[in-house]
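K.L.:
Before I ask anything, here is the structure I am working with.
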Amino acid sequence: MVSNLQEQMKAQKMNINERMSKIGKKIAIGSGKGGVGKSVVTSLIASYLVKQGKTVGILDLDITGPSIPMMFGIKDKPIAGSSGIMPVVTESGIKVMSMGLLLSNNEDAVIWRGPLISGAVSQFLADIVWEELDYLLFDLPPGTSDVQLTLMQNIKLDGFLVVTSPQTLASTIVKKAIAMAEELNVKVLGAIENMSYATCPDCGSKIRLFGDSKENKMGVPIIGTIPIDPQISKLCDDGKIENYEIDLGGTYKILEGL
Ligand code: ADP
């Protein structure tokens, strides 16, 4: 029995290594808190990279609260074949896999404890047929949970991007997410500050609703900023986030230079 389980785990590990060997750069996108815009940032980066001619995948690892399928308006279900599960492809060509795509009803709740969630992460890593990709982006759930641990222990990530908002920048929870990456030897590439400012529709001036960012307290440089923009929430709701274009400062250069 034990040896059977060991064999299975060995086979899974081999599958993970084989799948991941075809992926150029593996980047995790995380934050301390939920709702700061991790999935938005993941979607915007993927959309930018695919427009540059790169092959890109998103693995939505927010197992209990997946939002990537909605943001891209994905209606198709993944197809399982003999070699594994095929990701669904968005309008602009991003390959996506998410627990949300595997539920029969998108509104079904996934109420799982840690071990089951870890198992789902390993299975995603072992079974999804990405083929060759330039970039695979991992959209992490908030915090420092089993998902982060399972991911970082199973594969060698090329970098970790932290998503913050001005009011969460200095919080200990962001620092914990960074500390976890560092402890697991994952390079922290920088922070992307979402909801940095709003632009006045009349005069065009930038209003920093949450005050100035507190970059220094976090100890990680801000490499890109995103304003609060009603267009972003509308495109998310309409499933058209890949139509939004934004200059994320040095972020793309850092990713392309990895
Ligand atoms: P997280 O992944 O961190 O939980 P999401 O990326 O899912 O957060 O964002 C939650 C919602 O917040 C989105 O569906 C979107 O409607 C809204 N949102 C995020 N960032 C912005 C922004 N910069 N401007 C306007 N709305 C935003």
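How things are named: the first chain in the structure tokens is A, the next is B, and so on; residues count from 1 in each chain; ligands count from 1 in the order shown.
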List all protein, DNA and RNA residues that have any atom at most 7 Å from ligand 1, counting only C-alpha atoms and all ligand atoms, and write the list as a ChimeraX atom specification.

P.N.:
/A:31,33-41,67,194-195,226-234,236-237

K.L.:
Pick out each residue of range 78-172 of chain A that DSSP on the backbone tags as alpha helix (DSSP H); I need them as number ranges by chain.

P.N.:
A: 99-102, 114-127, 146-154, 172

K.L.:
Using N, CA, C and O atoms, can you write the selected residues to a file as a compact mmCIF listing (two decimals), in the first residue's frame?

P.N.:
```txt
# COMPACT_ATOMS: atom_id res chain seq x y z
N MET A 99 -9.89 25.98 -11.54
CA MET A 99 -10.90 25.12 -10.92
C MET A 99 -12.29 25.55 -11.39
O MET A 99 -13.19 24.72 -11.54
N GLY A 100 -12.46 26.85 -11.63
CA GLY A 100 -13.75 27.37 -12.10
C GLY A 100 -14.21 26.70 -13.38
O GLY A 100 -15.41 26.59 -13.64
N LEU A 101 -13.26 26.24 -14.20
CA LEU A 101 -13.62 25.61 -15.47
C LEU A 101 -14.02 24.15 -15.29
O LEU A 101 -14.62 23.55 -16.17
N LEU A 102 -13.65 23.59 -14.14
CA LEU A 102 -13.94 22.18 -13.92
C LEU A 102 -15.26 21.97 -13.17
O LEU A 102 -15.78 20.87 -13.11
N GLY A 114 -7.12 21.89 3.51
CA GLY A 114 -5.77 22.00 2.96
C GLY A 114 -5.25 20.84 2.13
O GLY A 114 -4.83 21.03 1.00
N PRO A 115 -5.30 19.61 2.67
CA PRO A 115 -4.71 18.49 1.92
C PRO A 115 -5.35 18.28 0.55
O PRO A 115 -4.66 17.98 -0.42
N LEU A 116 -6.67 18.47 0.48
CA LEU A 116 -7.35 18.30 -0.81
C LEU A 116 -6.91 19.39 -1.79
O LEU A 116 -6.70 19.14 -2.97
N ILE A 117 -6.77 20.60 -1.24
CA ILE A 117 -6.35 21.72 -2.09
C ILE A 117 -4.94 21.48 -2.60
O ILE A 117 -4.66 21.66 -3.79
N SER A 118 -4.04 21.04 -1.72
CA SER A 118 -2.67 20.74 -2.16
C SER A 118 -2.68 19.67 -3.23
O SER A 118 -1.94 19.76 -4.21
N GLY A 119 -3.53 18.66 -3.04
CA GLY A 119 -3.63 17.58 -4.03
C GLY A 119 -4.07 18.11 -5.37
O GLY A 119 -3.56 17.71 -6.42
N ALA A 120 -5.02 19.06 -5.35
CA ALA A 120 -5.52 19.63 -6.61
C ALA A 120 -4.40 20.40 -7.31
O ALA A 120 -4.25 20.34 -8.54
N VAL A 121 -3.58 21.12 -6.53
CA VAL A 121 -2.48 21.89 -7.13
C VAL A 121 -1.49 20.93 -7.81
O VAL A 121 -1.11 21.14 -8.97
N SER A 122 -1.10 19.86 -7.10
CA SER A 122 -0.15 18.91 -7.70
C SER A 122 -0.74 18.28 -8.95
O SER A 122 -0.04 18.09 -9.95
N GLN A 123 -2.03 17.98 -8.88
CA GLN A 123 -2.66 17.34 -10.04
C GLN A 123 -2.71 18.30 -11.23
O GLN A 123 -2.46 17.90 -12.37
N PHE A 124 -3.01 19.55 -10.96
CA PHE A 124 -2.98 20.56 -12.04
C PHE A 124 -1.58 20.59 -12.67
O PHE A 124 -1.43 20.61 -13.88
N LEU A 125 -0.56 20.61 -11.82
CA LEU A 125 0.81 20.71 -12.35
C LEU A 125 1.18 19.48 -13.18
O LEU A 125 1.88 19.58 -14.18
N ALA A 126 0.65 18.33 -12.75
CA ALA A 126 1.03 17.08 -13.43
C ALA A 126 0.20 16.81 -14.67
O ALA A 126 0.68 16.18 -15.61
N ASP A 127 -1.05 17.27 -14.69
CA ASP A 127 -1.98 16.78 -15.72
C ASP A 127 -2.34 17.75 -16.83
O ASP A 127 -2.96 17.36 -17.82
N ASP A 146 -1.41 26.49 1.80
CA ASP A 146 -0.94 25.23 1.21
C ASP A 146 -0.65 25.36 -0.28
O ASP A 146 0.22 24.69 -0.80
N VAL A 147 -1.42 26.22 -0.95
CA VAL A 147 -1.25 26.34 -2.40
C VAL A 147 0.15 26.87 -2.71
O VAL A 147 0.88 26.28 -3.53
N GLN A 148 0.53 27.96 -2.05
CA GLN A 148 1.85 28.54 -2.28
C GLN A 148 2.95 27.52 -1.99
O GLN A 148 3.88 27.35 -2.76
N LEU A 149 2.78 26.85 -0.86
CA LEU A 149 3.79 25.89 -0.43
C LEU A 149 3.92 24.74 -1.44
O LEU A 149 5.02 24.39 -1.87
N THR A 150 2.78 24.19 -1.83
CA THR A 150 2.80 23.06 -2.77
C THR A 150 3.43 23.49 -4.10
O THR A 150 4.26 22.77 -4.66
N LEU A 151 3.05 24.67 -4.57
CA LEU A 151 3.60 25.15 -5.85
C LEU A 151 5.10 25.33 -5.76
O LEU A 151 5.86 24.81 -6.58
N MET A 152 5.52 26.06 -4.75
CA MET A 152 6.94 26.42 -4.66
C MET A 152 7.83 25.22 -4.33
O MET A 152 9.01 25.22 -4.64
N GLN A 153 7.23 24.21 -3.70
CA GLN A 153 8.03 23.01 -3.41
C GLN A 153 8.09 22.07 -4.60
O GLN A 153 9.01 21.28 -4.73
N ASN A 154 7.09 22.15 -5.47
CA ASN A 154 7.03 21.22 -6.60
C ASN A 154 7.79 21.68 -7.83
O ASN A 154 8.27 20.86 -8.60
N THR A 172 1.68 43.82 7.39
CA THR A 172 2.54 42.67 7.67
C THR A 172 2.21 41.50 6.76
O THR A 172 3.07 40.69 6.45
```

K.L.:
Per residue of range 134-198 of chain A within 8 Å of range 49-58 of chain A, note the shortest atom pair and the distance in Å to one decimal, counting only C-alpha atoms, and order the rows by chain and increasing residue number, as a Markdown table.

P.N.:
```
| residue | atom | partner | partner_atom | distance |
| --- | --- | --- | --- | --- |
| A:Asp134 | CA | A:Thr55 | CA | 5.1 |
| A:Tyr135 | CA | A:Val56 | CA | 4.9 |
| A:Leu136 | CA | A:Gly57 | CA | 4.7 |
| A:Leu137 | CA | A:Ile58 | CA | 4.8 |
| A:Phe138 | CA | A:Ile58 | CA | 5.9 |
| A:Asp139 | CA | A:Ile58 | CA | 7.1 |
```

K.L.:
Between CA of Pro141 in chain A and CA of Trp112 in chain A, measure the distance and give it in Å to one decimal.

P.N.:
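Answer for the CA of Pro141 in chain A to CA of Trp112 in chain A separation: 13.8 Å.
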
K.L.:
Considering only C-alpha atoms, can you say which of A:Lys175, A:Lys10, A:Lys240, A:Lys75 comes closest to Val88 in chain A?

P.N.:
A:Lys75
